[in-house]
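A.B. asks: Got a structure for you, questions after.
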Amino acid sequence: MPTHPHRALPYTISVSATIDAEVEHVILDGLNAYNDAITGHSDRQALSVVVRDRDSQRVLGGAMGRTSLGLLFLDLFYLPAALRGVGLGSEILEQFEAEGRRRGCVSAVLYTISFQAPAFYERRGWRAFGEIACSPEGTSRVFMSKTLQAAV
């Protein structure tokens, strides 16, 4: 319901389960322009570290995120079960962090789910700074950060 029920407003608000290109473009570009104007910096950049099959070059997994204003954001990280436990995940994370350092990032942030990989990240120097319960019962989102030392 509009906040002014007696006046016709010149806009509508809709809720959707999808994000089309126009919506993403307007919101992302608008927010980026605002941030750039306030900070005087425009250093945001996507980042991915990808594992491919050597023969077919098919993508098998990897990590993706971004860098911005001195922070490295790890948004998504996936490896199929057959590629876990052999050091590949550690190598991907190491390369992801190294590229963040190369771009001037001093800290990194991510969130994972309690049944996913908090221990994996903790063994590699990440520390939990928050946790929020979610479904199903007994599950939580774990927010983690890591200080990135300057590349030597």
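Residues in the structure tokens are named by chain (A, B, ... in the order shown) and by number from 1 within that chain; ligands are numbered from 1 in the order shown.
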Mind listing the helix (DSSP H, G or I) residues of segment 19-142 of chain A, per DSSP on the backbone, as a PyMOL selection string?
C.D. replies: chain A and resi 21-39+81-83+88-102+118-122
A.B. asks: What lies within 10 Å of Ala98 of chain A using only C-alpha atoms, ignoring chain neighbours under 4 positions off, as a ChimeraX atom specification?
C.D. replies: /A:92-94,102-105,148-151
A.B. asks: Could you save the residues just selected, with N, CA, C and O atoms, as a CSV table (one decimal), in the first residue's frame?
C.D. replies:
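Saved file again05.csv follows:
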chain,number,residue,atom,x,y,z
A,92,ILE,N,43.4,-23.0,-5.0
A,92,ILE,CA,42.5,-22.0,-5.5
A,92,ILE,C,42.4,-20.8,-4.6
A,92,ILE,O,42.5,-19.6,-5.0
A,93,LEU,N,42.2,-21.1,-3.3
A,93,LEU,CA,42.1,-20.0,-2.3
A,93,LEU,C,43.4,-19.2,-2.2
A,93,LEU,O,43.3,-18.0,-2.2
A,94,GLU,N,44.5,-19.9,-2.3
A,94,GLU,CA,45.8,-19.2,-2.2
A,94,GLU,C,45.9,-18.2,-3.4
A,94,GLU,O,46.3,-17.1,-3.3
A,102,ARG,N,47.7,-8.5,-4.7
A,102,ARG,CA,48.3,-7.9,-5.9
A,102,ARG,C,47.5,-6.6,-6.2
A,102,ARG,O,48.1,-5.6,-6.7
A,103,ARG,N,46.2,-6.7,-6.0
A,103,ARG,CA,45.3,-5.5,-6.3
A,103,ARG,C,45.3,-4.5,-5.2
A,103,ARG,O,44.5,-3.5,-5.2
A,104,GLY,N,46.0,-4.8,-4.1
A,104,GLY,CA,46.1,-3.8,-3.0
A,104,GLY,C,45.1,-4.1,-1.9
A,104,GLY,O,45.0,-3.2,-1.0
A,105,CYS,N,44.5,-5.2,-1.9
A,105,CYS,CA,43.5,-5.5,-0.8
A,105,CYS,C,44.3,-5.8,0.5
A,105,CYS,O,45.3,-6.5,0.5
A,148,LEU,N,45.0,-9.7,5.0
A,148,LEU,CA,45.9,-10.1,3.9
A,148,LEU,C,47.2,-9.3,4.1
A,148,LEU,O,47.2,-8.1,4.1
A,149,GLN,N,48.3,-10.0,4.3
A,149,GLN,CA,49.6,-9.4,4.5
A,149,GLN,C,50.1,-8.9,3.1
A,149,GLN,O,49.8,-9.6,2.1
A,150,ALA,N,50.8,-7.9,3.1
A,150,ALA,CA,51.3,-7.4,1.8
A,150,ALA,C,52.2,-8.4,1.2
A,150,ALA,O,52.9,-9.1,1.8
A,151,ALA,N,52.1,-8.5,-0.2
A,151,ALA,CA,53.0,-9.4,-0.9
A,151,ALA,C,54.4,-9.0,-0.7
A,151,ALA,O,54.7,-7.8,-0.8
A.B. asks: Counting only C-alpha atoms, what is within 8 Å of Ala128 of chain A, bar same-chain residues fewer than 2 positions away, as a list in words?
C.D. replies: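 Once the adjacent positions are removed, what remains is Glu122, Trp126, Gly130, Glu131, Val142, Phe143, Met144 and Ser145 of chain A.
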A.B. asks: Can I get the selection written as a PDB file, in the first residue's frame, with N, CA, C and O atoms?
C.D. replies:
ATOM      1  N   GLU A 122      39.172 -21.688   8.284  1.00  0.00           N
ATOM      2  CA  GLU A 122      39.893 -21.456   9.541  1.00  0.00           C
ATOM      3  C   GLU A 122      41.316 -22.007   9.470  1.00  0.00           C
ATOM      4  O   GLU A 122      42.251 -21.364   9.952  1.00  0.00           O
ATOM      5  N   TRP A 126      41.510 -17.765   8.149  1.00  0.00           N
ATOM      6  CA  TRP A 126      40.279 -16.981   8.213  1.00  0.00           C
ATOM      7  C   TRP A 126      39.688 -17.122   9.609  1.00  0.00           C
ATOM      8  O   TRP A 126      39.803 -18.169  10.235  1.00  0.00           O
ATOM      9  N   GLY A 130      31.038 -13.446  12.801  1.00  0.00           N
ATOM     10  CA  GLY A 130      29.603 -13.414  13.032  1.00  0.00           C
ATOM     11  C   GLY A 130      28.946 -14.679  12.533  1.00  0.00           C
ATOM     12  O   GLY A 130      29.498 -15.394  11.697  1.00  0.00           O
ATOM     13  N   GLU A 131      27.779 -14.951  13.095  1.00  0.00           N
ATOM     14  CA  GLU A 131      27.036 -16.141  12.712  1.00  0.00           C
ATOM     15  C   GLU A 131      25.550 -15.838  12.870  1.00  0.00           C
ATOM     16  O   GLU A 131      25.146 -15.228  13.865  1.00  0.00           O
ATOM     17  N   VAL A 142      27.963 -18.405   8.420  1.00  0.00           N
ATOM     18  CA  VAL A 142      29.149 -18.017   9.160  1.00  0.00           C
ATOM     19  C   VAL A 142      29.899 -16.970   8.343  1.00  0.00           C
ATOM     20  O   VAL A 142      30.294 -17.237   7.204  1.00  0.00           O
ATOM     21  N   PHE A 143      30.071 -15.791   8.911  1.00  0.00           N
ATOM     22  CA  PHE A 143      30.752 -14.682   8.253  1.00  0.00           C
ATOM     23  C   PHE A 143      32.199 -14.683   8.719  1.00  0.00           C
ATOM     24  O   PHE A 143      32.470 -14.753   9.922  1.00  0.00           O
ATOM     25  N   MET A 144      33.124 -14.621   7.760  1.00  0.00           N
ATOM     26  CA  MET A 144      34.535 -14.766   8.079  1.00  0.00           C
ATOM     27  C   MET A 144      35.354 -13.670   7.414  1.00  0.00           C
ATOM     28  O   MET A 144      34.947 -13.116   6.386  1.00  0.00           O
ATOM     29  N   SER A 145      36.501 -13.374   8.016  1.00  0.00           N
ATOM     30  CA  SER A 145      37.419 -12.398   7.436  1.00  0.00           C
ATOM     31  C   SER A 145      38.848 -12.854   7.609  1.00  0.00           C
ATOM     32  O   SER A 145      39.143 -13.751   8.407  1.00  0.00           O
TER      33      SER A 145
END
A.B. asks: With only C-alpha atoms as the counted atoms, please give the residues lying no more than 8 Å from segment 37-52 of chain A, apart from itself and same-chain residues fewer than 6 positions off, as a list in words.
C.D. replies: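 Residues near the query, excluding close chain neighbours: Arg58, Val59, Leu60, Gly61, Gly62, Ala63, Met64, Gly65, Arg66, Thr67, Ser68, Leu69, Ile92, Gln95 and Phe96 of chain A.
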A.B. asks: Quick one: write out the picked residues with N, CA and C atoms as an mmCIF file, in the first residue's frame?
C.D. replies:
data_model
loop_
_atom_site.group_PDB
_atom_site.id
_atom_site.type_symbol
_atom_site.label_atom_id
_atom_site.label_comp_id
_atom_site.auth_asym_id
_atom_site.auth_seq_id
_atom_site.Cartn_x
_atom_site.Cartn_y
_atom_site.Cartn_z
ATOM 1 N N ARG A 58 36.548 -27.869 -20.078
ATOM 2 C CA ARG A 58 35.267 -27.706 -19.385
ATOM 3 C C ARG A 58 35.535 -27.200 -17.978
ATOM 4 N N VAL A 59 34.758 -26.223 -17.527
ATOM 5 C CA VAL A 59 34.901 -25.690 -16.171
ATOM 6 C C VAL A 59 34.443 -26.748 -15.173
ATOM 7 N N LEU A 60 35.307 -27.033 -14.190
ATOM 8 C CA LEU A 60 35.004 -28.022 -13.158
ATOM 9 C C LEU A 60 34.615 -27.373 -11.838
ATOM 10 N N GLY A 61 35.121 -26.187 -11.584
ATOM 11 C CA GLY A 61 34.830 -25.494 -10.335
ATOM 12 C C GLY A 61 35.735 -24.301 -10.186
ATOM 13 N N GLY A 62 35.745 -23.735 -8.990
ATOM 14 C CA GLY A 62 36.608 -22.603 -8.726
ATOM 15 C C GLY A 62 35.988 -21.618 -7.767
ATOM 16 N N ALA A 63 36.552 -20.421 -7.767
ATOM 17 C CA ALA A 63 36.103 -19.364 -6.862
ATOM 18 C C ALA A 63 35.837 -18.098 -7.657
ATOM 19 N N MET A 64 34.852 -17.333 -7.196
ATOM 20 C CA MET A 64 34.585 -16.053 -7.823
ATOM 21 C C MET A 64 34.191 -15.020 -6.778
ATOM 22 N N GLY A 65 34.528 -13.795 -7.091
ATOM 23 C CA GLY A 65 34.220 -12.700 -6.193
ATOM 24 C C GLY A 65 34.641 -11.401 -6.826
ATOM 25 N N ARG A 66 35.194 -10.502 -6.002
ATOM 26 C CA ARG A 66 35.533 -9.186 -6.508
ATOM 27 C C ARG A 66 36.463 -8.489 -5.535
ATOM 28 N N THR A 67 37.066 -7.422 -6.006
ATOM 29 C CA THR A 67 37.860 -6.550 -5.154
ATOM 30 C C THR A 67 37.284 -5.145 -5.264
ATOM 31 N N SER A 68 37.316 -4.429 -4.146
ATOM 32 C CA SER A 68 36.807 -3.065 -4.145
ATOM 33 C C SER A 68 37.237 -2.357 -2.870
ATOM 34 N N LEU A 69 37.773 -1.152 -3.011
ATOM 35 C CA LEU A 69 38.137 -0.306 -1.884
ATOM 36 C C LEU A 69 39.012 -1.026 -0.864
ATOM 37 N N ILE A 92 43.436 -22.971 -5.007
ATOM 38 C CA ILE A 92 42.505 -21.970 -5.544
ATOM 39 C C ILE A 92 42.400 -20.789 -4.586
ATOM 40 N N GLN A 95 45.577 -18.669 -4.600
ATOM 41 C CA GLN A 95 45.665 -17.813 -5.786
ATOM 42 C C GLN A 95 44.667 -16.656 -5.722
ATOM 43 N N PHE A 96 43.480 -16.926 -5.192
ATOM 44 C CA PHE A 96 42.456 -15.895 -5.043
ATOM 45 C C PHE A 96 42.967 -14.795 -4.110
#
A.B. asks: Between A:Val109, A:Leu72, A:Ala117, A:Ala33, which is the closest to Ser90 of chain A once you count only C-alpha atoms?
C.D. replies: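 Once distances to Ser90 of chain A are computed over only C-alpha atoms, the minimum belongs to A:Ala117.
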A.B. asks: To one decimal place in Å, what is the distance between atom CA of Phe120 of chain A and atom CA of Leu76 of chain A?
C.D. replies: 14.3 Å
A.B. asks: From a backbone DSSP assignment, name each residue in segment 27-124 of chain A labelled strand (DSSP E or B), as an mmCIF file with all heavy atoms, in the first residue's frame.
C.D. replies:
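Dumped everything to out.cif:
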data_model
loop_
_atom_site.group_PDB
_atom_site.id
_atom_site.type_symbol
_atom_site.label_atom_id
_atom_site.label_comp_id
_atom_site.auth_asym_id
_atom_site.auth_seq_id
_atom_site.Cartn_x
_atom_site.Cartn_y
_atom_site.Cartn_z
ATOM 1 N N GLN A 45 36.639 -4.605 -9.256
ATOM 2 C CA GLN A 45 36.989 -5.496 -10.359
ATOM 3 C C GLN A 45 36.579 -6.920 -9.993
ATOM 4 O O GLN A 45 36.799 -7.365 -8.863
ATOM 5 C CB GLN A 45 38.496 -5.426 -10.597
ATOM 6 C CG GLN A 45 38.956 -6.094 -11.857
ATOM 7 C CD GLN A 45 40.452 -5.868 -12.081
ATOM 8 O OE1 GLN A 45 41.147 -5.236 -11.299
ATOM 9 N NE2 GLN A 45 40.952 -6.404 -13.172
ATOM 10 N N ALA A 46 35.999 -7.628 -10.940
ATOM 11 C CA ALA A 46 35.643 -9.030 -10.730
ATOM 12 C C ALA A 46 36.916 -9.864 -10.599
ATOM 13 O O ALA A 46 37.981 -9.469 -11.084
ATOM 14 C CB ALA A 46 34.801 -9.535 -11.900
ATOM 15 N N LEU A 47 36.788 -11.013 -9.953
ATOM 16 C CA LEU A 47 37.919 -11.923 -9.790
ATOM 17 C C LEU A 47 37.410 -13.354 -9.811
ATOM 18 O O LEU A 47 36.446 -13.679 -9.121
ATOM 19 C CB LEU A 47 38.639 -11.644 -8.464
ATOM 20 C CG LEU A 47 39.757 -12.604 -8.055
ATOM 21 C CD1 LEU A 47 40.839 -12.696 -9.118
ATOM 22 C CD2 LEU A 47 40.339 -12.182 -6.719
ATOM 23 N N SER A 48 38.040 -14.185 -10.614
ATOM 24 C CA SER A 48 37.727 -15.617 -10.602
ATOM 25 C C SER A 48 39.013 -16.409 -10.712
ATOM 26 O O SER A 48 39.974 -15.980 -11.342
ATOM 27 C CB SER A 48 36.770 -16.003 -11.742
ATOM 28 O OG SER A 48 37.386 -15.833 -12.995
ATOM 29 N N VAL A 49 39.010 -17.554 -10.050
ATOM 30 C CA VAL A 49 40.074 -18.541 -10.173
ATOM 31 C C VAL A 49 39.352 -19.825 -10.544
ATOM 32 O O VAL A 49 38.537 -20.332 -9.775
ATOM 33 C CB VAL A 49 40.867 -18.717 -8.861
ATOM 34 C CG1 VAL A 49 41.929 -19.796 -9.013
ATOM 35 C CG2 VAL A 49 41.493 -17.390 -8.430
ATOM 36 N N VAL A 50 39.612 -20.325 -11.742
ATOM 37 C CA VAL A 50 38.812 -21.400 -12.326
ATOM 38 C C VAL A 50 39.655 -22.642 -12.576
ATOM 39 O O VAL A 50 40.792 -22.548 -13.040
ATOM 40 C CB VAL A 50 38.179 -20.925 -13.658
ATOM 41 C CG1 VAL A 50 37.359 -22.017 -14.303
ATOM 42 C CG2 VAL A 50 37.336 -19.675 -13.414
ATOM 43 N N VAL A 51 39.075 -23.809 -12.279
ATOM 44 C CA VAL A 51 39.696 -25.100 -12.580
ATOM 45 C C VAL A 51 38.982 -25.672 -13.798
ATOM 46 O O VAL A 51 37.751 -25.768 -13.818
ATOM 47 C CB VAL A 51 39.548 -26.080 -11.396
ATOM 48 C CG1 VAL A 51 40.141 -27.434 -11.742
ATOM 49 C CG2 VAL A 51 40.186 -25.508 -10.149
ATOM 50 N N ARG A 52 39.764 -26.043 -14.799
ATOM 51 C CA ARG A 52 39.202 -26.611 -16.028
ATOM 52 C C ARG A 52 39.799 -27.987 -16.276
ATOM 53 O O ARG A 52 40.949 -28.250 -15.924
ATOM 54 C CB ARG A 52 39.519 -25.726 -17.231
ATOM 55 C CG ARG A 52 38.885 -24.368 -17.188
ATOM 56 C CD ARG A 52 39.292 -23.534 -18.414
ATOM 57 N NE ARG A 52 38.825 -22.174 -18.294
ATOM 58 C CZ ARG A 52 37.623 -21.760 -18.687
ATOM 59 N NH1 ARG A 52 36.791 -22.616 -19.240
ATOM 60 N NH2 ARG A 52 37.273 -20.503 -18.535
ATOM 61 N N VAL A 59 34.758 -26.223 -17.527
ATOM 62 C CA VAL A 59 34.901 -25.690 -16.171
ATOM 63 C C VAL A 59 34.443 -26.748 -15.173
ATOM 64 O O VAL A 59 33.348 -27.291 -15.285
ATOM 65 C CB VAL A 59 34.085 -24.399 -15.984
ATOM 66 C CG1 VAL A 59 34.123 -23.933 -14.533
ATOM 67 C CG2 VAL A 59 34.594 -23.298 -16.913
ATOM 68 N N LEU A 60 35.307 -27.033 -14.190
ATOM 69 C CA LEU A 60 35.004 -28.022 -13.158
ATOM 70 C C LEU A 60 34.615 -27.373 -11.838
ATOM 71 O O LEU A 60 33.887 -27.957 -11.044
ATOM 72 C CB LEU A 60 36.206 -28.943 -12.944
ATOM 73 C CG LEU A 60 36.691 -29.699 -14.174
ATOM 74 C CD1 LEU A 60 37.974 -30.448 -13.871
ATOM 75 C CD2 LEU A 60 35.607 -30.641 -14.676
ATOM 76 N N GLY A 61 35.121 -26.187 -11.584
ATOM 77 C CA GLY A 61 34.830 -25.494 -10.335
ATOM 78 C C GLY A 61 35.735 -24.301 -10.186
ATOM 79 O O GLY A 61 36.437 -23.914 -11.117
ATOM 80 N N GLY A 62 35.745 -23.735 -8.990
ATOM 81 C CA GLY A 62 36.608 -22.603 -8.726
ATOM 82 C C GLY A 62 35.988 -21.618 -7.767
ATOM 83 O O GLY A 62 35.043 -21.946 -7.047
ATOM 84 N N ALA A 63 36.552 -20.421 -7.767
ATOM 85 C CA ALA A 63 36.103 -19.364 -6.862
ATOM 86 C C ALA A 63 35.837 -18.098 -7.657
ATOM 87 O O ALA A 63 36.506 -17.833 -8.655
ATOM 88 C CB ALA A 63 37.176 -19.094 -5.809
ATOM 89 N N MET A 64 34.852 -17.333 -7.196
ATOM 90 C CA MET A 64 34.585 -16.053 -7.823
ATOM 91 C C MET A 64 34.191 -15.020 -6.778
ATOM 92 O O MET A 64 33.663 -15.353 -5.722
ATOM 93 C CB MET A 64 33.533 -16.136 -8.923
ATOM 94 C CG MET A 64 32.350 -16.993 -8.655
ATOM 95 S SD MET A 64 31.351 -17.257 -10.128
ATOM 96 C CE MET A 64 30.180 -15.952 -9.929
ATOM 97 N N GLY A 65 34.528 -13.795 -7.091
ATOM 98 C CA GLY A 65 34.220 -12.700 -6.193
ATOM 99 C C GLY A 65 34.641 -11.401 -6.826
ATOM 100 O O GLY A 65 34.534 -11.225 -8.037
ATOM 101 N N ARG A 66 35.194 -10.502 -6.002
ATOM 102 C CA ARG A 66 35.533 -9.186 -6.508
ATOM 103 C C ARG A 66 36.463 -8.489 -5.535
ATOM 104 O O ARG A 66 36.613 -8.928 -4.391
ATOM 105 C CB ARG A 66 34.272 -8.358 -6.714
ATOM 106 C CG ARG A 66 33.460 -8.208 -5.438
ATOM 107 C CD ARG A 66 32.004 -7.854 -5.726
ATOM 108 N NE ARG A 66 31.145 -8.332 -4.678
ATOM 109 C CZ ARG A 66 30.903 -7.687 -3.532
ATOM 110 N NH1 ARG A 66 31.459 -6.525 -3.304
ATOM 111 N NH2 ARG A 66 30.100 -8.194 -2.631
ATOM 112 N N THR A 67 37.066 -7.422 -6.006
ATOM 113 C CA THR A 67 37.860 -6.550 -5.154
ATOM 114 C C THR A 67 37.284 -5.145 -5.264
ATOM 115 O O THR A 67 36.819 -4.735 -6.333
ATOM 116 C CB THR A 67 39.346 -6.540 -5.571
ATOM 117 O OG1 THR A 67 39.463 -6.160 -6.947
ATOM 118 C CG2 THR A 67 39.970 -7.913 -5.386
ATOM 119 N N SER A 68 37.316 -4.429 -4.146
ATOM 120 C CA SER A 68 36.807 -3.065 -4.145
ATOM 121 C C SER A 68 37.237 -2.357 -2.870
ATOM 122 O O SER A 68 37.080 -2.916 -1.772
ATOM 123 C CB SER A 68 35.271 -3.067 -4.227
ATOM 124 O OG SER A 68 34.751 -1.754 -4.162
ATOM 125 N N LEU A 71 39.225 -4.214 -0.251
ATOM 126 C CA LEU A 71 38.668 -5.462 0.275
ATOM 127 C C LEU A 71 38.545 -6.495 -0.834
ATOM 128 O O LEU A 71 38.158 -6.177 -1.960
ATOM 129 C CB LEU A 71 37.280 -5.240 0.883
ATOM 130 C CG LEU A 71 37.229 -4.488 2.201
ATOM 131 C CD1 LEU A 71 35.782 -4.274 2.618
ATOM 132 C CD2 LEU A 71 37.991 -5.225 3.279
ATOM 133 N N LEU A 72 38.843 -7.738 -0.458
ATOM 134 C CA LEU A 72 38.672 -8.894 -1.341
ATOM 135 C C LEU A 72 37.421 -9.619 -0.882
ATOM 136 O O LEU A 72 37.314 -9.989 0.288
ATOM 137 C CB LEU A 72 39.894 -9.807 -1.225
ATOM 138 C CG LEU A 72 39.827 -11.164 -1.918
ATOM 139 C CD1 LEU A 72 39.741 -11.007 -3.430
ATOM 140 C CD2 LEU A 72 41.048 -11.997 -1.538
ATOM 141 N N PHE A 73 36.457 -9.793 -1.778
ATOM 142 C CA PHE A 73 35.213 -10.479 -1.463
ATOM 143 C C PHE A 73 35.214 -11.840 -2.143
ATOM 144 O O PHE A 73 35.291 -11.919 -3.374
ATOM 145 C CB PHE A 73 33.998 -9.694 -1.975
ATOM 146 C CG PHE A 73 33.807 -8.364 -1.305
ATOM 147 C CD1 PHE A 73 34.481 -7.234 -1.757
ATOM 148 C CD2 PHE A 73 32.949 -8.240 -0.227
ATOM 149 C CE1 PHE A 73 34.312 -6.002 -1.152
ATOM 150 C CE2 PHE A 73 32.764 -7.004 0.396
ATOM 151 C CZ PHE A 73 33.457 -5.885 -0.070
ATOM 152 N N LEU A 74 35.129 -12.904 -1.363
ATOM 153 C CA LEU A 74 34.975 -14.251 -1.910
ATOM 154 C C LEU A 74 33.484 -14.556 -1.858
ATOM 155 O O LEU A 74 32.913 -14.762 -0.794
ATOM 156 C CB LEU A 74 35.769 -15.274 -1.096
ATOM 157 C CG LEU A 74 35.629 -16.738 -1.519
ATOM 158 C CD1 LEU A 74 35.976 -16.938 -2.982
ATOM 159 C CD2 LEU A 74 36.499 -17.619 -0.648
ATOM 160 N N ASP A 75 32.836 -14.521 -3.022
ATOM 161 C CA ASP A 75 31.384 -14.685 -3.088
ATOM 162 C C ASP A 75 30.956 -16.142 -3.235
ATOM 163 O O ASP A 75 30.011 -16.573 -2.574
ATOM 164 C CB ASP A 75 30.809 -13.858 -4.246
ATOM 165 C CG ASP A 75 30.994 -12.362 -4.028
ATOM 166 O OD1 ASP A 75 31.005 -11.906 -2.862
ATOM 167 O OD2 ASP A 75 31.145 -11.637 -5.031
ATOM 168 N N LEU A 76 31.616 -16.892 -4.098
ATOM 169 C CA LEU A 76 31.234 -18.284 -4.347
ATOM 170 C C LEU A 76 32.479 -19.131 -4.542
ATOM 171 O O LEU A 76 33.426 -18.703 -5.202
ATOM 172 C CB LEU A 76 30.350 -18.376 -5.601
ATOM 173 C CG LEU A 76 29.027 -17.608 -5.563
ATOM 174 C CD1 LEU A 76 28.393 -17.586 -6.945
ATOM 175 C CD2 LEU A 76 28.079 -18.210 -4.540
ATOM 176 N N PHE A 77 32.450 -20.355 -3.996
ATOM 177 C CA PHE A 77 33.589 -21.272 -4.110
ATOM 178 C C PHE A 77 33.008 -22.675 -4.175
ATOM 179 O O PHE A 77 32.299 -23.104 -3.270
ATOM 180 C CB PHE A 77 34.483 -21.123 -2.876
ATOM 181 C CG PHE A 77 35.841 -21.781 -2.975
ATOM 182 C CD1 PHE A 77 36.828 -21.401 -2.100
ATOM 183 C CD2 PHE A 77 36.137 -22.760 -3.899
ATOM 184 C CE1 PHE A 77 38.099 -21.973 -2.132
ATOM 185 C CE2 PHE A 77 37.390 -23.348 -3.958
ATOM 186 C CZ PHE A 77 38.372 -22.946 -3.065
ATOM 187 N N TYR A 78 33.324 -23.382 -5.258
ATOM 188 C CA TYR A 78 32.785 -24.737 -5.426
ATOM 189 C C TYR A 78 33.806 -25.645 -6.093
ATOM 190 O O TYR A 78 34.451 -25.255 -7.067
ATOM 191 C CB TYR A 78 31.517 -24.724 -6.285
ATOM 192 C CG TYR A 78 31.091 -26.108 -6.683
ATOM 193 C CD1 TYR A 78 30.464 -26.959 -5.771
ATOM 194 C CD2 TYR A 78 31.359 -26.595 -7.958
ATOM 195 C CE1 TYR A 78 30.111 -28.260 -6.130
ATOM 196 C CE2 TYR A 78 31.012 -27.885 -8.321
ATOM 197 C CZ TYR A 78 30.383 -28.705 -7.398
ATOM 198 O OH TYR A 78 30.045 -29.981 -7.751
ATOM 199 N N SER A 107 42.316 -6.727 3.402
ATOM 200 C CA SER A 107 41.444 -7.649 4.126
ATOM 201 C C SER A 107 40.550 -8.383 3.141
ATOM 202 O O SER A 107 40.335 -7.922 2.015
ATOM 203 C CB SER A 107 40.555 -6.902 5.127
ATOM 204 O OG SER A 107 41.331 -6.291 6.118
ATOM 205 N N ALA A 108 40.033 -9.523 3.608
ATOM 206 C CA ALA A 108 39.133 -10.333 2.780
ATOM 207 C C ALA A 108 37.925 -10.738 3.610
ATOM 208 O O ALA A 108 38.030 -10.898 4.831
ATOM 209 C CB ALA A 108 39.865 -11.566 2.266
ATOM 210 N N VAL A 109 36.785 -10.889 2.961
ATOM 211 C CA VAL A 109 35.559 -11.320 3.634
ATOM 212 C C VAL A 109 34.836 -12.362 2.797
ATOM 213 O O VAL A 109 34.947 -12.397 1.566
ATOM 214 C CB VAL A 109 34.606 -10.144 3.934
ATOM 215 C CG1 VAL A 109 35.221 -9.171 4.922
ATOM 216 C CG2 VAL A 109 34.203 -9.418 2.672
ATOM 217 N N LEU A 110 34.102 -13.229 3.497
ATOM 218 C CA LEU A 110 33.266 -14.239 2.855
ATOM 219 C C LEU A 110 32.192 -14.661 3.831
ATOM 220 O O LEU A 110 32.243 -14.329 5.017
ATOM 221 C CB LEU A 110 34.094 -15.461 2.433
ATOM 222 C CG LEU A 110 34.760 -16.315 3.511
ATOM 223 C CD1 LEU A 110 33.798 -17.321 4.171
ATOM 224 C CD2 LEU A 110 35.918 -17.092 2.905
ATOM 225 N N TYR A 111 31.203 -15.389 3.330
ATOM 226 C CA TYR A 111 30.336 -16.127 4.237
ATOM 227 C C TYR A 111 30.168 -17.517 3.677
ATOM 228 O O TYR A 111 30.217 -17.745 2.467
ATOM 229 C CB TYR A 111 29.002 -15.428 4.531
ATOM 230 C CG TYR A 111 27.973 -15.472 3.434
ATOM 231 C CD1 TYR A 111 27.142 -16.578 3.272
ATOM 232 C CD2 TYR A 111 27.808 -14.392 2.582
ATOM 233 C CE1 TYR A 111 26.188 -16.610 2.270
ATOM 234 C CE2 TYR A 111 26.856 -14.416 1.587
ATOM 235 C CZ TYR A 111 26.041 -15.531 1.442
ATOM 236 O OH TYR A 111 25.097 -15.560 0.448
ATOM 237 N N THR A 112 30.031 -18.447 4.578
ATOM 238 C CA THR A 112 29.821 -19.843 4.235
ATOM 239 C C THR A 112 28.674 -20.347 5.100
ATOM 240 O O THR A 112 28.168 -19.616 5.959
ATOM 241 C CB THR A 112 31.132 -20.654 4.438
ATOM 242 O OG1 THR A 112 30.958 -21.987 3.959
ATOM 243 C CG2 THR A 112 31.565 -20.682 5.892
ATOM 244 N N ILE A 113 28.259 -21.558 4.880
ATOM 245 C CA ILE A 113 27.197 -22.156 5.699
ATOM 246 C C ILE A 113 27.847 -23.169 6.626
ATOM 247 O O ILE A 113 28.833 -23.808 6.263
ATOM 248 C CB ILE A 113 26.113 -22.800 4.802
ATOM 249 C CG1 ILE A 113 25.533 -21.749 3.852
ATOM 250 C CG2 ILE A 113 25.006 -23.414 5.651
ATOM 251 C CD1 ILE A 113 24.537 -22.287 2.838
#
A.B. asks: Could you pull the residues within 10 Å of Ser114 of chain A, counting only C-alpha atoms, minus those fewer than 4 positions along the same chain, as number ranges by chain?
C.D. replies: A: 118-119, 131-134, 138-143
A.B. asks: Report, in Å to a single decimal, how far apart atom CA of Asn32 of chain A and atom CA of Gly70 of chain A are.
C.D. replies: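 Taking atom CA of Gly70 of chain A and atom CA of Asn32 of chain A, their separation equals 15.1 Å.
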A.B. asks: Quick check, in Å to one decimal: how far apart do atom CA of Val23 of chain A and atom CA of Leu9 of chain A lie?
C.D. replies: 20.4 Å
